[in-house]
file structure.txt (compact mmCIF, C-alpha atoms)
# COMPACT_ATOMS: atom_id res chain seq x y z
CA MET R 1 5.23 -44.14 80.80
CA GLU R 2 8.28 -42.41 79.39
CA VAL R 3 8.19 -41.56 75.69
CA THR R 4 11.48 -42.10 73.88
CA VAL R 5 12.41 -39.33 71.46
CA GLN R 6 15.31 -39.92 69.13
CA THR R 7 17.49 -36.81 69.45
CA SER R 8 21.05 -38.05 69.05
CA SER R 9 20.92 -38.86 65.34
CA GLY R 10 21.45 -36.21 62.68
CA ASN R 11 19.43 -35.43 59.58
CA LYS R 12 20.94 -38.19 57.48
CA ALA R 13 20.07 -40.99 59.91
CA LEU R 14 16.48 -39.89 60.46
CA LEU R 15 15.86 -39.24 56.77
CA SER R 16 17.21 -42.69 55.96
CA THR R 17 14.86 -44.25 58.52
CA GLN R 18 11.97 -42.23 57.16
CA GLU R 19 12.66 -43.36 53.61
CA LYS R 20 12.63 -47.01 54.66
CA ARG R 21 9.42 -46.84 56.69
CA GLU R 22 7.21 -44.12 55.22
CA SER R 23 5.03 -44.22 52.16
CA ASN R 24 6.36 -43.51 48.70
CA ALA R 25 3.66 -40.83 48.53
CA ARG R 26 5.47 -38.57 51.02
CA SER R 27 6.37 -35.27 49.41
CA TYR R 28 8.04 -32.50 51.41
CA PRO R 29 11.09 -34.48 52.60
CA ARG R 30 12.05 -35.05 48.96
CA ARG R 31 12.41 -31.31 48.32
CA LEU R 32 13.29 -30.26 51.87
CA PRO R 33 15.55 -33.05 53.19
CA LEU R 34 15.84 -32.17 56.86
CA ALA R 35 14.61 -33.48 60.20
CA ILE R 36 13.45 -30.83 62.66
CA LYS R 37 14.60 -30.82 66.27
CA ARG R 38 13.30 -27.48 67.53
CA ALA R 39 11.07 -24.66 66.30
CA GLU R 40 10.16 -21.21 67.61
CA GLY R 41 8.61 -18.27 65.83
CA ILE R 42 9.82 -18.12 62.24
CA TYR R 43 12.86 -20.33 62.95
CA VAL R 44 13.37 -24.09 62.91
CA THR R 45 16.53 -25.99 63.82
CA ASP R 46 17.37 -29.32 62.23
CA MET R 47 18.99 -32.37 63.81
CA ASP R 48 22.43 -31.19 62.68
CA GLY R 49 21.99 -27.89 64.53
CA LYS R 50 21.44 -25.73 61.44
CA GLN R 51 18.82 -22.98 61.78
CA TYR R 52 16.38 -22.06 59.02
CA MET R 53 13.87 -19.29 58.40
CA ASP R 54 10.53 -20.99 57.75
CA CYS R 55 8.50 -19.32 55.00
CA LEU R 56 6.37 -22.42 54.48
CA ALA R 57 4.86 -22.40 57.99
CA GLY R 58 2.96 -25.64 57.64
CA ALA R 59 1.58 -24.54 54.24
CA GLY R 60 0.02 -21.55 55.99
CA THR R 61 -1.14 -23.41 59.10
CA LEU R 62 1.17 -21.61 61.53
CA ALA R 63 -0.29 -18.10 61.48
CA LEU R 64 1.65 -17.20 64.62
CA GLY R 65 4.71 -19.23 63.78
CA HIS R 66 6.05 -22.16 65.78
CA ASN R 67 5.22 -22.56 69.47
CA HIS R 68 3.75 -19.13 70.02
CA THR R 69 3.16 -18.25 73.67
CA VAL R 70 -0.64 -17.96 73.38
CA VAL R 71 -0.81 -21.36 71.67
CA ARG R 72 1.34 -23.05 74.30
CA GLU R 73 -0.70 -21.45 77.10
CA ALA R 74 -3.97 -22.65 75.55
CA ILE R 75 -2.62 -26.21 75.37
CA GLU R 76 -1.38 -26.07 78.97
CA ASN R 77 -4.72 -24.72 80.20
CA VAL R 78 -6.60 -27.59 78.58
CA MET R 79 -4.19 -30.14 80.01
CA GLN R 80 -4.40 -28.70 83.52
CA SER R 81 -8.20 -28.51 83.49
CA TYR R 82 -8.70 -32.22 82.76
CA LEU R 83 -11.15 -31.34 80.01
CA PRO R 84 -11.77 -34.19 77.59
CA LEU R 85 -9.44 -34.11 74.61
CA HIS R 86 -11.84 -35.98 72.38
CA THR R 87 -15.61 -35.47 72.36
CA LEU R 88 -16.96 -36.46 68.91
CA ASP R 89 -19.50 -33.65 68.40
CA LEU R 90 -20.59 -33.37 72.03
CA THR R 91 -20.17 -29.82 73.21
CA THR R 92 -17.97 -28.33 75.94
CA PRO R 93 -17.29 -24.80 77.19
CA VAL R 94 -14.11 -24.82 75.07
CA LYS R 95 -16.08 -25.64 71.95
CA GLU R 96 -18.72 -22.97 72.56
CA ALA R 97 -16.05 -20.36 73.25
CA PHE R 98 -14.33 -21.31 69.98
CA ILE R 99 -17.59 -20.94 68.03
CA ASP R 100 -18.18 -17.56 69.66
CA GLU R 101 -14.73 -16.44 68.49
CA VAL R 102 -15.26 -17.72 64.94
CA PHE R 103 -18.62 -15.97 64.60
CA ALA R 104 -17.20 -12.77 66.09
CA SER R 105 -14.48 -12.86 63.42
CA LEU R 106 -16.94 -13.03 60.52
CA PRO R 107 -18.68 -10.05 58.91
CA PRO R 108 -21.73 -9.45 61.15
CA SER R 109 -24.24 -9.86 58.31
CA PHE R 110 -22.82 -13.31 57.55
CA ALA R 111 -22.43 -14.36 61.18
CA GLU R 112 -26.04 -13.58 62.09
CA LYS R 113 -27.36 -16.10 59.56
CA ALA R 114 -24.56 -18.65 59.87
CA LYS R 115 -24.36 -22.20 61.15
CA ILE R 116 -21.18 -24.17 61.68
CA HIS R 117 -20.33 -27.82 61.13
CA PHE R 118 -17.22 -29.48 62.56
CA CYS R 119 -15.48 -31.88 60.22
CA GLY R 120 -12.57 -34.26 60.34
CA PRO R 121 -9.23 -32.55 60.99
CA THR R 122 -8.29 -31.77 57.37
CA GLY R 123 -9.40 -29.07 54.98
CA ALA R 124 -10.23 -31.75 52.43
CA ASP R 125 -12.84 -33.24 54.75
CA ALA R 126 -14.46 -29.82 55.16
CA VAL R 127 -14.58 -29.41 51.40
CA GLU R 128 -16.21 -32.84 51.13
CA ALA R 129 -18.79 -31.70 53.68
CA ALA R 130 -19.43 -28.50 51.74
CA LEU R 131 -20.10 -30.47 48.55
CA LYS R 132 -22.55 -32.76 50.33
CA LEU R 133 -24.21 -29.76 51.96
CA VAL R 134 -24.99 -27.92 48.73
CA LYS R 135 -26.00 -31.07 46.86
CA THR R 136 -28.42 -31.96 49.65
CA ALA R 137 -29.82 -28.43 49.92
CA THR R 138 -30.33 -27.84 46.20
CA GLY R 139 -31.11 -31.35 44.98
CA ASN R 140 -28.68 -30.71 42.13
CA ARG R 141 -25.55 -32.67 41.31
CA ALA R 142 -23.14 -30.64 39.15
CA ILE R 143 -20.20 -28.84 40.72
CA LEU R 144 -18.32 -26.06 38.97
CA SER R 145 -14.71 -25.53 39.94
CA PHE R 146 -11.76 -23.61 38.48
CA GLN R 147 -8.69 -24.54 36.53
CA GLY R 148 -5.67 -24.40 38.82
CA GLY R 149 -7.76 -24.78 41.96
CA TYR R 150 -6.71 -27.13 44.74
CA HIS R 151 -9.17 -28.40 47.33
CA GLY R 152 -7.54 -31.54 48.75
CA SER R 153 -6.30 -35.01 47.86
CA THR R 154 -9.21 -37.19 48.94
CA HIS R 155 -11.14 -38.95 46.21
CA GLY R 156 -13.84 -36.30 46.15
CA THR R 157 -11.67 -33.20 46.49
CA LEU R 158 -9.17 -34.47 43.94
CA GLY R 159 -12.08 -34.70 41.51
CA ILE R 160 -12.82 -30.98 41.82
CA SER R 161 -9.17 -29.87 41.86
CA GLY R 162 -7.43 -28.68 38.74
CA THR R 163 -4.18 -30.55 39.36
CA ILE R 164 -3.88 -33.37 36.85
CA GLY R 165 -0.85 -35.38 37.97
CA PRO R 166 -2.43 -37.10 41.02
CA LYS R 167 -5.52 -37.95 38.95
CA GLN R 168 -3.73 -39.89 36.25
CA LYS R 169 -4.18 -43.32 37.83
CA ILE R 170 -7.34 -42.62 39.87
CA HIS R 171 -10.49 -43.63 38.07
CA ALA R 172 -14.16 -42.77 38.60
CA LEU R 173 -13.67 -39.39 40.24
CA VAL R 174 -16.65 -37.20 41.16
CA PRO R 175 -18.99 -37.12 38.14
CA ASP R 176 -20.60 -33.90 36.88
CA THR R 177 -17.58 -31.77 37.77
CA HIS R 178 -16.84 -28.98 35.32
CA PHE R 179 -13.83 -26.65 35.22
CA LEU R 180 -13.97 -22.93 34.49
CA PRO R 181 -11.13 -20.57 33.51
CA TYR R 182 -9.53 -18.75 36.45
CA PRO R 183 -8.28 -15.17 36.00
CA TYR R 184 -4.55 -15.90 35.79
CA GLU R 185 -3.21 -12.70 34.25
CA TYR R 186 0.35 -13.80 33.52
CA ARG R 187 -0.86 -16.92 31.72
CA CYS R 188 -4.30 -15.70 30.66
CA PRO R 189 -6.41 -18.67 29.49
CA PHE R 190 -7.76 -16.45 26.70
CA GLY R 191 -4.35 -15.11 25.71
CA VAL R 192 -5.22 -11.44 26.21
CA GLY R 193 -3.97 -10.53 29.72
CA LYS R 194 -6.15 -8.27 31.89
CA GLU R 195 -8.92 -8.19 29.33
CA GLY R 196 -9.37 -11.91 29.97
CA HIS R 197 -10.99 -11.23 33.35
CA GLY R 198 -14.11 -9.80 31.74
CA ILE R 199 -14.10 -12.45 29.03
CA GLY R 200 -14.00 -15.14 31.69
CA ILE R 201 -17.00 -13.73 33.55
CA THR R 202 -18.94 -13.45 30.30
CA TYR R 203 -18.04 -17.05 29.51
CA ILE R 204 -19.30 -18.28 32.89
CA GLU R 205 -22.53 -16.31 32.63
CA ASN R 206 -23.22 -17.52 29.11
CA LEU R 207 -22.42 -21.11 30.06
CA LEU R 208 -24.93 -21.05 32.91
CA ASP R 209 -27.67 -19.50 30.75
CA ASN R 210 -27.10 -21.53 27.61
CA PRO R 211 -29.86 -24.20 27.30
CA GLU R 212 -27.43 -26.20 25.13
CA GLY R 213 -24.39 -25.51 27.28
CA GLY R 214 -24.17 -29.11 28.43
CA ILE R 215 -24.25 -28.43 32.17
CA VAL R 216 -27.35 -28.89 34.29
CA LYS R 217 -27.99 -26.31 37.01
CA PRO R 218 -25.08 -26.65 39.46
CA ALA R 219 -25.40 -27.56 43.11
CA GLY R 220 -22.59 -25.09 43.74
CA ILE R 221 -19.52 -23.26 42.49
CA ILE R 222 -16.32 -23.57 44.52
CA VAL R 223 -13.47 -21.06 44.30
CA GLU R 224 -10.30 -19.93 46.05
CA VAL R 225 -10.07 -16.14 46.36
CA VAL R 226 -6.31 -16.59 46.03
CA GLN R 227 -5.29 -19.87 44.45
CA GLY R 228 -2.68 -21.35 46.76
CA GLU R 229 -1.21 -24.53 45.36
CA GLY R 230 -2.12 -23.20 41.92
CA GLY R 231 0.61 -20.57 42.27
CA SER R 232 -0.50 -17.82 44.70
CA ILE R 233 -2.80 -16.25 42.10
CA PRO R 234 -5.22 -13.62 43.46
CA ALA R 235 -8.57 -13.24 41.73
CA PRO R 236 -9.24 -9.60 40.76
CA ILE R 237 -11.71 -7.84 43.06
CA GLY R 238 -14.05 -6.94 40.21
CA TRP R 239 -14.06 -10.53 38.98
CA LEU R 240 -15.03 -11.79 42.44
CA LYS R 241 -17.87 -9.29 42.68
CA GLU R 242 -19.18 -10.43 39.32
CA LEU R 243 -18.91 -14.10 40.25
CA ARG R 244 -20.96 -13.40 43.39
CA ARG R 245 -23.53 -11.47 41.33
CA ILE R 246 -23.83 -14.30 38.82
CA THR R 247 -24.28 -17.02 41.45
CA LYS R 248 -26.67 -15.01 43.62
CA LYS R 249 -28.89 -14.08 40.67
CA ARG R 250 -29.17 -17.74 39.67
CA ASP R 251 -29.50 -19.06 43.23
CA ILE R 252 -26.32 -21.12 42.95
CA PRO R 253 -24.50 -21.59 46.28
CA LEU R 254 -21.04 -20.06 46.21
CA ILE R 255 -18.49 -22.07 48.19
CA ILE R 256 -15.34 -20.15 49.07
CA ASP R 257 -12.41 -22.33 50.07
CA GLU R 258 -10.33 -20.34 52.58
CA VAL R 259 -8.38 -23.27 53.97
CA GLN R 260 -5.13 -21.46 53.15
CA THR R 261 -6.23 -17.82 52.87
CA GLY R 262 -8.27 -17.51 56.07
CA ILE R 263 -7.32 -15.90 59.42
CA GLY R 264 -5.50 -12.79 58.27
CA ARG R 265 -3.22 -14.32 55.67
CA THR R 266 -4.20 -12.02 52.78
CA GLY R 267 -4.55 -8.75 54.71
CA LYS R 268 -8.15 -9.29 55.81
CA MET R 269 -9.43 -11.78 58.35
CA PHE R 270 -10.98 -13.64 55.41
CA ALA R 271 -9.89 -13.13 51.81
CA PHE R 272 -13.44 -12.70 50.49
CA GLU R 273 -13.69 -9.48 52.51
CA HIS R 274 -11.38 -7.73 50.03
CA ALA R 275 -14.24 -7.82 47.51
CA GLY R 276 -16.96 -6.87 49.96
CA ILE R 277 -18.86 -10.08 49.22
CA GLU R 278 -20.10 -12.98 51.33
CA PRO R 279 -20.12 -16.67 50.46
CA ASP R 280 -22.97 -19.07 51.00
CA VAL R 281 -20.48 -21.63 52.30
CA LEU R 282 -17.07 -20.91 53.84
CA VAL R 283 -14.48 -23.68 54.26
CA LEU R 284 -11.83 -23.20 56.96
CA SER R 285 -8.91 -25.27 58.19
CA LYS R 286 -5.12 -24.84 58.63
CA ALA R 287 -4.75 -21.63 60.72
CA ILE R 288 -8.26 -21.96 62.22
CA GLY R 289 -6.87 -24.63 64.58
CA GLY R 290 -4.04 -22.46 65.87
CA SER R 291 -1.36 -24.98 64.77
CA LEU R 292 -3.42 -28.11 65.53
CA PRO R 293 -5.68 -30.16 63.21
CA LEU R 294 -9.19 -28.73 62.83
CA SER R 295 -11.60 -27.91 60.03
CA VAL R 296 -15.06 -26.39 59.87
CA VAL R 297 -17.70 -25.36 57.38
CA VAL R 298 -19.62 -22.15 58.08
CA TYR R 299 -22.69 -21.66 55.94
CA ASP R 300 -25.97 -19.83 55.46
CA ARG R 301 -28.59 -21.51 57.62
CA CYS R 302 -31.00 -21.69 54.67
CA LEU R 303 -28.80 -24.54 53.35
CA ASP R 304 -29.08 -26.54 56.57
CA LYS R 305 -31.26 -29.27 55.09
CA TRP R 306 -29.11 -32.33 55.66
CA GLU R 307 -30.11 -35.04 58.12
CA PRO R 308 -28.35 -36.00 61.39
CA GLY R 309 -25.26 -38.05 60.65
CA THR R 310 -25.00 -36.92 57.03
CA HIS R 311 -21.39 -35.89 57.57
CA ILE R 312 -19.61 -37.32 60.58
CA GLY R 313 -16.06 -38.08 61.69
CA THR R 314 -14.45 -39.44 64.82
CA PHE R 315 -11.93 -36.63 65.20
CA ARG R 316 -14.23 -33.63 64.77
CA GLY R 317 -14.12 -32.91 68.51
CA ASN R 318 -10.47 -31.90 68.93
CA GLN R 319 -10.79 -29.79 72.08
CA MET R 320 -7.15 -28.79 72.19
CA ALA R 321 -7.34 -27.46 68.61
CA MET R 322 -10.46 -25.49 69.51
CA ALA R 323 -8.60 -23.93 72.44
CA THR R 324 -5.56 -23.05 70.36
CA GLY R 325 -7.82 -21.89 67.55
CA GLN R 326 -9.71 -19.53 69.83
CA ALA R 327 -6.46 -18.17 71.27
CA THR R 328 -5.04 -17.62 67.80
CA LEU R 329 -8.16 -15.89 66.48
CA ARG R 330 -8.22 -13.57 69.48
CA PHE R 331 -4.51 -12.75 69.16
CA VAL R 332 -4.81 -12.09 65.42
CA LYS R 333 -7.67 -9.65 65.97
CA GLU R 334 -6.36 -7.90 69.10
CA ASN R 335 -2.97 -7.34 67.48
CA HIS R 336 -4.40 -6.27 64.10
CA LEU R 337 -2.40 -8.92 62.25
CA PRO R 338 -4.50 -8.73 59.06
CA ASP R 339 -3.50 -5.07 58.67
CA TYR R 340 0.08 -5.99 59.52
CA ALA R 341 0.06 -8.81 56.95
CA GLN R 342 -1.15 -6.32 54.35
CA GLU R 343 1.64 -3.88 55.23
CA MET R 344 4.39 -6.49 55.30
CA GLY R 345 3.02 -8.22 52.20
CA THR R 346 3.12 -4.96 50.27
CA TYR R 347 6.70 -4.38 51.39
CA LEU R 348 7.71 -7.94 50.49
CA ALA R 349 6.15 -7.66 47.01
CA GLU R 350 7.81 -4.28 46.38
CA GLN R 351 11.23 -5.67 47.28
CA LEU R 352 10.66 -8.74 45.12
CA ASN R 353 9.82 -6.44 42.22
CA SER R 354 13.18 -4.77 42.79
CA ILE R 355 14.93 -8.15 42.74
CA GLN R 356 13.08 -8.95 39.52
CA LYS R 357 14.96 -6.09 37.83
CA GLU R 358 18.31 -7.54 38.94
CA VAL R 359 17.72 -11.07 37.65
CA SER R 360 16.40 -12.58 34.44
CA SER R 361 14.26 -15.48 35.60
CA ILE R 362 11.37 -13.80 37.47
CA GLY R 363 8.39 -13.48 35.17
CA ASP R 364 5.77 -12.36 37.68
CA VAL R 365 5.41 -11.33 41.31
CA ARG R 366 1.89 -11.55 42.69
CA GLY R 367 -0.23 -12.32 45.71
CA ARG R 368 -2.23 -10.71 48.46
CA GLY R 369 -0.98 -9.95 51.96
CA LEU R 370 1.61 -12.49 53.12
CA MET R 371 0.72 -14.98 50.39
CA ILE R 372 3.18 -14.24 47.60
CA GLY R 373 4.11 -16.10 44.44
CA VAL R 374 7.23 -15.55 42.31
CA GLU R 375 6.93 -17.19 38.91
CA ILE R 376 10.20 -18.51 37.50
CA ILE R 377 10.54 -18.42 33.72
CA ASN R 378 13.04 -19.26 30.99
CA PRO R 379 13.99 -15.94 29.39
CA THR R 380 15.93 -17.67 26.60
CA LYS R 381 12.76 -19.11 25.11
CA GLN R 382 10.15 -17.41 22.95
CA PRO R 383 7.42 -15.56 24.90
CA ASN R 384 3.76 -16.01 24.04
CA ARG R 385 1.51 -13.41 22.42
CA ILE R 386 1.12 -11.42 25.66
CA GLY R 387 4.81 -11.49 26.52
CA SER R 388 4.81 -14.33 29.06
CA TYR R 389 7.83 -16.61 28.96
CA PRO R 390 7.69 -20.41 29.39
CA ALA R 391 7.78 -21.78 32.93
CA TYR R 392 11.12 -23.13 34.16
CA ALA R 393 10.43 -25.83 36.74
CA GLU R 394 14.00 -27.09 36.84
CA LEU R 395 15.33 -23.64 37.70
CA ALA R 396 12.62 -23.13 40.35
CA GLU R 397 13.67 -26.41 41.97
CA LYS R 398 17.31 -25.34 41.93
CA ILE R 399 16.37 -22.01 43.54
CA GLN R 400 14.56 -23.90 46.28
CA GLN R 401 17.67 -26.02 46.87
CA GLU R 402 19.89 -22.92 46.95
CA CYS R 403 17.52 -21.31 49.45
CA LEU R 404 17.64 -24.36 51.69
CA SER R 405 21.43 -24.34 51.66
CA ARG R 406 21.23 -20.71 52.84
CA GLY R 407 18.85 -21.55 55.66
CA LEU R 408 15.56 -20.57 54.00
CA ILE R 409 12.58 -22.91 53.72
CA LEU R 410 10.01 -22.13 51.08
CA GLU R 411 7.75 -24.06 48.75
CA VAL R 412 7.64 -24.48 45.00
CA GLY R 413 4.29 -25.07 43.31
CA GLY R 414 1.91 -23.56 40.82
CA ARG R 415 1.46 -24.39 37.17
CA PHE R 416 4.35 -26.50 35.89
CA GLY R 417 5.94 -26.44 39.38
CA SER R 418 7.58 -23.11 38.58
CA VAL R 419 6.32 -20.76 41.31
CA ILE R 420 8.33 -19.91 44.43
CA ARG R 421 5.72 -19.54 47.17
CA LEU R 422 6.18 -17.44 50.31
CA LEU R 423 3.84 -18.14 53.24
CA PRO R 424 5.69 -16.82 56.31
CA PRO R 425 4.04 -16.58 59.73
CA LEU R 426 2.00 -13.40 60.14
CA ILE R 427 4.28 -12.30 62.97
CA ILE R 428 7.35 -12.01 60.73
CA SER R 429 9.23 -8.74 61.31
CA LYS R 430 10.43 -6.32 58.65
CA GLY R 431 14.01 -7.17 59.56
CA GLN R 432 13.29 -10.86 59.08
CA ILE R 433 11.69 -10.12 55.71
CA ASP R 434 14.87 -8.29 54.67
CA GLU R 435 16.91 -11.36 55.64
CA VAL R 436 14.55 -13.63 53.69
CA LEU R 437 14.89 -11.36 50.65
CA GLN R 438 18.67 -11.37 50.86
CA ARG R 439 18.85 -15.16 51.00
CA LEU R 440 16.30 -15.53 48.20
CA SER R 441 18.10 -13.01 45.99
CA GLU R 442 21.42 -14.80 46.47
CA ALA R 443 19.77 -18.15 45.74
CA ILE R 444 18.20 -16.92 42.50
CA LYS R 445 21.46 -15.41 41.26
CA SER R 446 23.41 -18.54 42.12
CA ALA R 447 20.85 -20.80 40.41
CA GLU R 448 20.78 -18.58 37.33
CA ALA R 449 24.57 -18.76 37.09
CA GLN R 450 24.45 -22.54 37.22
CA PHE R 451 21.85 -22.55 34.42
CA GLY R 452 23.88 -20.17 32.27
CA LEU R 453 21.53 -17.20 32.70
CA ARG R 454 24.13 -14.83 34.21
call {"tool": "encode", "arguments": {"input": "structure.txt", "output": "structure tokens"}}
result
Amino acid sequence: MEVTVQTSSGNKALLSTQEKRESNARSYPRRLPLAIKRAEGIYVTDMDGKQYMDCLAGAGTLALGHNHTVVREAIENVMQSYLPLHTLDLTTPVKEAFIDEVFASLPPSFAEKAKIHFCGPTGADAVEAALKLVKTATGNRAILSFQGGYHGSTHGTLGISGTIGPKQKIHALVPDTHFLPYPYEYRCPFGVGKEGHGIGITYIENLLDNPEGGIVKPAGIIVEVVQGEGGSIPAPIGWLKELRRITKKRDIPLIIDEVQTGIGRTGKMFAFEHAGIEPDVLVLSKAIGGSLPLSVVVYDRCLDKWEPGTHIGTFRGNQMAMATGQATLRFVKENHLPDYAQEMGTYLAEQLNSIQKEVSSIGDVRGRGLMIGVEIINPTKQPNRIGSYPAYAELAEKIQQECLSRGLILEVGGRFGSVIRLLPPLIISKGQIDEVLQRLSEAIKSAEAQFGLR
């Protein structure tokens, strides 16, 4: 049977069709109005023939960029072998090889005591599984999460995410969820800057030990080592070490959500490795599937107390994603891409700091590895007590539009929708980074001029 692919129409026609037929909840096409015809490496070409540099990369899913050779070969090998494409949770040689690669990528001390559970194809489903796992293992019900954290948009994960907008009309979210302050230096929740990191840890420790603190012993604490959708905010290394000490001392499972930070993105294979700690539960998706949908939970076997069928899902046996995931993991390790991401991320941040001196609307440049956030502020307004200016969402949106017109795709997110987020493929070259920086710099200056800031 021949599959018909609409290739003759341009962006406008396909976007019009999409608007008529797709849900009002769609998001990216509103900010990035294009239809993609072809993609390779860091580049995508739209239906009108215009080429873009993609620094969104499937929200971090495309670690090796679009249509990388090792990914295509893995898909072709599966197709030629007549392996099943769908197996529920029945095993195959492809699945076992994937698990071997995952465990070989983990710190040995964690891998030797780890078990893995395959979830539905989204990171949110893996987070849901992690919550059920720790609640079952501990018999407790409270979950502690962090302000600004994002863990998915399902009913359960929305309940433990800091984002408020999507919650406004959704009632009866996960009960016994409590939010803790995250170490966001530029907008310190305690209004003191760096000193707030220690205050935050003291607050958490006191809250857990206070018999009148209002929170029963938690089933788990979930955290992102670098908050992604929250604005590319890296947690300080010392803060992470202290959080691990606090949870371990009190026998509270620590869930680390690495859906976006995992597989080399931050300069280590896994972001928690920067702090020299290990989680009790590790949530992985996005890049773990090598471009295709896949999610897993890897956890300490002492928590493996749930019954058969406790967390199931029809599409947890995506063999093609396991093949592409294994190929991607192997390529990332053999080519030392975590180290490369650290090197290129440092260069990118340094150049952004230079651009910051040339413009007036960049309040903060931050991140880890190739996960960078540029906070856009309104310098004409009054700064707060630690010198941070108000967020400027409208200007950030205009910068995104100016970038798109210059052939650069990037995301805007973070608190108040004011953070330009850069998540390029890990294979981006230094020359390509220079081109990204040039287009971004021009976009910022043009947007500032339109807003009367130049």
call {"tool": "closest_atom_pairs", "arguments": {"input": "structure.txt", "of": "stretch 124-144 of chain R", "to": "stretch 296-319 of chain R", "cutoff": "9 Å", "atoms": "only C-alpha atoms", "output": "JSON lines"}}
result
{"residue": "R:Asp125", "atom": "CA", "partner": "R:Val296", "partner_atom": "CA", "distance": 8.8}
{"residue": "R:Ala126", "atom": "CA", "partner": "R:Val296", "partner_atom": "CA", "distance": 5.9}
{"residue": "R:Val127", "atom": "CA", "partner": "R:Val297", "partner_atom": "CA", "distance": 7.9}
{"residue": "R:Glu128", "atom": "CA", "partner": "R:His311", "partner_atom": "CA", "distance": 8.8}
{"residue": "R:Ala129", "atom": "CA", "partner": "R:His311", "partner_atom": "CA", "distance": 6.3}
{"residue": "R:Ala130", "atom": "CA", "partner": "R:Val297", "partner_atom": "CA", "distance": 6.7}
{"residue": "R:Lys132", "atom": "CA", "partner": "R:His311", "partner_atom": "CA", "distance": 8.0}
{"residue": "R:Leu133", "atom": "CA", "partner": "R:Trp306", "partner_atom": "CA", "distance": 6.7}
{"residue": "R:Val134", "atom": "CA", "partner": "R:Leu303", "partner_atom": "CA", "distance": 6.9}
{"residue": "R:Thr136", "atom": "CA", "partner": "R:Trp306", "partner_atom": "CA", "distance": 6.1}
{"residue": "R:Ala137", "atom": "CA", "partner": "R:Leu303", "partner_atom": "CA", "distance": 5.3}
{"residue": "R:Thr138", "atom": "CA", "partner": "R:Leu303", "partner_atom": "CA", "distance": 8.0}
call {"tool": "atom_distance", "arguments": {"input": "structure.txt", "atom1": "atom CA of R:Ile42", "atom2": "atom CA of R:Leu422"}}
result
12.5 Å
call {"tool": "residues_around", "arguments": {"input": "structure.txt", "residues": "stretch 149-157 of chain R", "least_positions_apart": "6", "cutoff": "8 Å", "atoms": "all atoms listed in the file", "output": "list in words"}}
result
Gly123, Ala124, Asp125, Val127, Glu128, Thr163, Leu173, Val174, Val223, Glu224, Gln227, Gly228, Glu229, Gly230 and Asp257 of chain R
call {"tool": "closest_residue", "arguments": {"input": "structure.txt", "among": "R:Lys217, R:Arg385, R:Arg406, R:Lys398", "to": "R:Gly191", "atoms": "all atoms listed in the file"}}
result
R:Arg385
call {"tool": "closest_residue", "arguments": {"input": "structure.txt", "among": "R:Val365, R:Ile433, R:Ile263, R:Cys119", "to": "R:Gly231", "atoms": "only C-alpha atoms"}}
result
R:Val365
call {"tool": "closest_residue", "arguments": {"input": "structure.txt", "among": "R:Lys95, R:Tyr28, R:Asn206, R:Val281", "to": "R:Leu294", "atoms": "only C-alpha atoms"}}
result
R:Lys95
call {"tool": "atom_distance", "arguments": {"input": "structure.txt", "atom1": "atom CA of R:Ile246", "atom2": "atom CA of R:Gly414"}}
result
27.4 Å
call {"tool": "closest_residue", "arguments": {"input": "structure.txt", "among": "R:Ile288, R:Val359, R:Ala393, R:Ile204", "to": "R:Gln260", "atoms": "only C-alpha atoms"}}
result
R:Ile288
call {"tool": "build_atoms", "arguments": {"input": "structure.txt", "residues": "stretch 96-104 of chain R", "atoms": "N, CA and C atoms", "output": "PDB file, in the frame of the given file"}}
result
ATOM      1  N   GLU R  96     -17.815 -24.116  72.703  1.00  0.00           N
ATOM      2  CA  GLU R  96     -18.720 -22.970  72.560  1.00  0.00           C
ATOM      3  C   GLU R  96     -17.949 -21.663  72.505  1.00  0.00           C
ATOM      4  N   ALA R  97     -16.871 -21.568  73.279  1.00  0.00           N
ATOM      5  CA  ALA R  97     -16.050 -20.360  73.250  1.00  0.00           C
ATOM      6  C   ALA R  97     -15.364 -20.211  71.883  1.00  0.00           C
ATOM      7  N   PHE R  98     -14.940 -21.333  71.312  1.00  0.00           N
ATOM      8  CA  PHE R  98     -14.330 -21.310  69.980  1.00  0.00           C
ATOM      9  C   PHE R  98     -15.341 -20.826  68.943  1.00  0.00           C
ATOM     10  N   ILE R  99     -16.557 -21.362  68.993  1.00  0.00           N
ATOM     11  CA  ILE R  99     -17.590 -20.940  68.030  1.00  0.00           C
ATOM     12  C   ILE R  99     -17.878 -19.454  68.189  1.00  0.00           C
ATOM     13  N   ASP R 100     -17.969 -18.988  69.427  1.00  0.00           N
ATOM     14  CA  ASP R 100     -18.180 -17.560  69.660  1.00  0.00           C
ATOM     15  C   ASP R 100     -17.102 -16.728  68.970  1.00  0.00           C
ATOM     16  N   GLU R 101     -15.853 -17.190  69.080  1.00  0.00           N
ATOM     17  CA  GLU R 101     -14.730 -16.440  68.490  1.00  0.00           C
ATOM     18  C   GLU R 101     -14.790 -16.471  66.973  1.00  0.00           C
ATOM     19  N   VAL R 102     -15.145 -17.621  66.404  1.00  0.00           N
ATOM     20  CA  VAL R 102     -15.260 -17.720  64.940  1.00  0.00           C
ATOM     21  C   VAL R 102     -16.341 -16.769  64.440  1.00  0.00           C
ATOM     22  N   PHE R 103     -17.524 -16.815  65.063  1.00  0.00           N
ATOM     23  CA  PHE R 103     -18.620 -15.970  64.600  1.00  0.00           C
ATOM     24  C   PHE R 103     -18.297 -14.491  64.791  1.00  0.00           C
ATOM     25  N   ALA R 104     -17.584 -14.152  65.855  1.00  0.00           N
ATOM     26  CA  ALA R 104     -17.200 -12.770  66.090  1.00  0.00           C
ATOM     27  C   ALA R 104     -16.155 -12.285  65.090  1.00  0.00           C
TER      28      ALA R 104
END
